[in-house]
Amino acid sequence: MPEAAVIRIGFIGAGGIVRQRHIPGLKQVSGVELVGVCNSTPESSERAARELGIRRTFESPEQLIGSDEIDVVWIGTQPYLHSRLSIAALQAGKHVFCQARMAMDYADAKRMFEAWMRSDRTAMLCPPPHYMRGDRVIRRLLREGFVGRPYNVVARSFADTYLDPSKPLHWRQMGNISGVNTLDVGMLAEVVHRWLGYMASVSAQAITVIPERPPAEVHQGHGQTKVERPDTLAVAARMENGALFSGLWSGVAKFADDPNAIEIYGSEGTIRYLAGTDAPGSGRILAGKVSGSALTEVPVAEAEARRWTVEADFIRAVREGRRDPEPSFWDGLKYMELTDAIFRSAAEGQAVKLPYDPELARPEPR
């Protein structure tokens, strides 16, 4: 696409993160026009267009996707719609930006991946903000061989999101909306994959300690509703690089923000990335060689810090004709594969071998 061309964007689902991050980010990018929006109701679409400065509304996702006024379909819906909308948009010759929690399960994600492979369009998933600021520092340390051969990789993500049993059921706890996605498993997996590669086998245990809740607010019902996704989860996996991965997730853990971390222990050294909170500048990287006596803090220099530039990164990729900005549909396929395997292992009580499709390889950069 010519550098001077205006990139015209249509939004399907303009709530939450689209309002908080994507619209403000896109408004800072030159040569972008927010053309249209389609929400779940006409009233919601009109309100979003008015409040967000979007030029017009569309009556249906199909109408937006088929419009000659649209170059990019920006999907901000829940996971159960991601595959259908992404595939339709790619088949219509549109570029696609899709929210994280790529799809309902591995098969759903694979359909998205295959549609993208058949197209010549740019497609990108929303990256997780987790561990973003120090991402380049971690990659550099690993590239330089700081830890040597990885022995153990530990990831912990605890929160108190679901601790209150009186809170209504959240859509992320509903199988028909969220699929196999559980807590922030896929988001953390995407980070671990990026730094250290993929898993070769997975064993998981999952518990739903609060099995019933008041119905989701959208249903406006009474009584109690079954919680369909676990609120605490433990994973042990063998990685392709030979390390043992241990993952712990909980949505029912109070006062647990600060211990959340990704830790890498190896033959030559240790790296601990403490997540801290979601506040800007939060998080610390500690590292030490096995020959040393303690971990010391590794500063994240401003020049090396990775900031939230997601919207600009995607638009740049479209302009440059790069089809697979990070995270690509391949990256999403791999974290959905792991999420799916964790779900299967917990349900079946046995280890699951990966990859599901051994002949499927990462596409060459395009």
# chains A, B, ... in the order shown; residues from 1 in each chain; ligands from 1
call {"tool": "residues_around", "arguments": {"residues": "A:Asp231", "least_positions_apart": "2", "cutoff": "6 Å", "atoms": "only C-alpha atoms", "output": "MDAnalysis selection string"}}
result
chainID A and resid 208 250:251
call {"tool": "residues_around", "arguments": {"residues": "A:Ser246", "least_positions_apart": "6", "cutoff": "10 Å", "atoms": "only C-alpha atoms", "output": "VMD selection string"}}
result
chain A and resid 152 to 156 202 to 204 234 to 238 262 to 263
call {"tool": "residues_around", "arguments": {"residues": "A:Tyr106", "least_positions_apart": "4", "cutoff": "9 Å", "atoms": "only C-alpha atoms", "output": "VMD selection string"}}
result
chain A and resid 110 to 111 180 333 to 341 356
call {"tool": "residues_around", "arguments": {"residues": "A:Phe146", "least_positions_apart": "4", "cutoff": "9 Å", "atoms": "only C-alpha atoms", "output": "list in words"}}
result
Arg140, Leu141, Leu142, Gly266, Glu268, Gly269, Thr270, Ile271, Ala287, Gly288 and Lys289 of chain A
call {"tool": "write_last_selection", "arguments": {"atoms": "C-alpha atoms", "output": "mmCIF file, in the first residue's frame"}}
result
data_model
loop_
_atom_site.group_PDB
_atom_site.id
_atom_site.type_symbol
_atom_site.label_atom_id
_atom_site.label_comp_id
_atom_site.auth_asym_id
_atom_site.auth_seq_id
_atom_site.Cartn_x
_atom_site.Cartn_y
_atom_site.Cartn_z
ATOM 1 C CA ARG A 140 18.878 -9.816 24.333
ATOM 2 C CA LEU A 141 20.014 -11.601 27.493
ATOM 3 C CA LEU A 142 18.828 -14.945 26.136
ATOM 4 C CA GLY A 266 19.781 -22.282 33.486
ATOM 5 C CA GLU A 268 24.938 -20.317 33.398
ATOM 6 C CA GLY A 269 22.506 -17.956 35.079
ATOM 7 C CA THR A 270 19.052 -16.984 36.277
ATOM 8 C CA ILE A 271 16.591 -14.343 35.094
ATOM 9 C CA ALA A 287 19.473 -11.531 36.908
ATOM 10 C CA GLY A 288 22.577 -13.299 38.149
ATOM 11 C CA LYS A 289 25.250 -15.701 36.949
#
call {"tool": "residues_around", "arguments": {"residues": "stretch 122-127 of chain A", "least_positions_apart": "6", "cutoff": "6 Å", "atoms": "only C-alpha atoms", "output": "list in words"}}
result
His95, Val96, Phe97, Cys98, Gln99, Ala100, Val318, Arg323, Pro325, Pro327 and Ser328 of chain A
call {"tool": "write_last_selection", "arguments": {"atoms": "C-alpha atoms", "output": "mmCIF file, in the first residue's frame"}}
result
data_model
loop_
_atom_site.group_PDB
_atom_site.id
_atom_site.type_symbol
_atom_site.label_atom_id
_atom_site.label_comp_id
_atom_site.auth_asym_id
_atom_site.auth_seq_id
_atom_site.Cartn_x
_atom_site.Cartn_y
_atom_site.Cartn_z
ATOM 1 C CA HIS A 95 -6.389 -6.668 6.418
ATOM 2 C CA VAL A 96 -7.280 -7.977 9.883
ATOM 3 C CA PHE A 97 -6.447 -6.943 13.430
ATOM 4 C CA CYS A 98 -8.000 -9.321 15.963
ATOM 5 C CA GLN A 99 -8.183 -9.324 19.734
ATOM 6 C CA ALA A 100 -6.182 -11.776 21.824
ATOM 7 C CA VAL A 318 0.084 -2.783 6.301
ATOM 8 C CA ARG A 323 1.912 -9.858 6.319
ATOM 9 C CA PRO A 325 3.669 -8.501 12.326
ATOM 10 C CA PRO A 327 2.065 -11.572 17.167
ATOM 11 C CA SER A 328 1.008 -13.183 13.911
#
call {"tool": "select_by_dssp", "arguments": {"residues": "stretch 53-254 of chain A", "states": "strand (DSSP E)", "output": "MDAnalysis selection string"}}
result
chainID A and resid 56:57 72:75 95:98 123:125 150:158 199:207 212:213 225:226 232:239 244:250
call {"tool": "residues_around", "arguments": {"residues": "stretch 25-29 of chain A", "least_positions_apart": "4", "cutoff": "12 Å", "atoms": "only C-alpha atoms", "output": "list in words"}}
result
Val6, Ile7, Arg8, Ile9, Gly10, Phe11, Ile17, Val18, Arg19, Gln20, Arg21, Glu33, Leu34, Leu52, Gly53, Ile54, Trp74, Arg307, Trp308, Thr309, Val310, Glu311, Ala312, Asp313, Phe314, Ile315 and Arg316 of chain A
call {"tool": "residues_around", "arguments": {"residues": "A:Ala88", "least_positions_apart": "2", "cutoff": "12 Å", "atoms": "only C-alpha atoms", "output": "VMD selection string"}}
result
chain A and resid 61 to 66 73 75 81 to 86 90 to 96 111 to 112 115 to 116 119
call {"tool": "closest_residue", "arguments": {"among": "A:Met199, A:Ala14, A:Val209, A:Met174", "to": "A:Ala253", "atoms": "only C-alpha atoms"}}
result
A:Val209
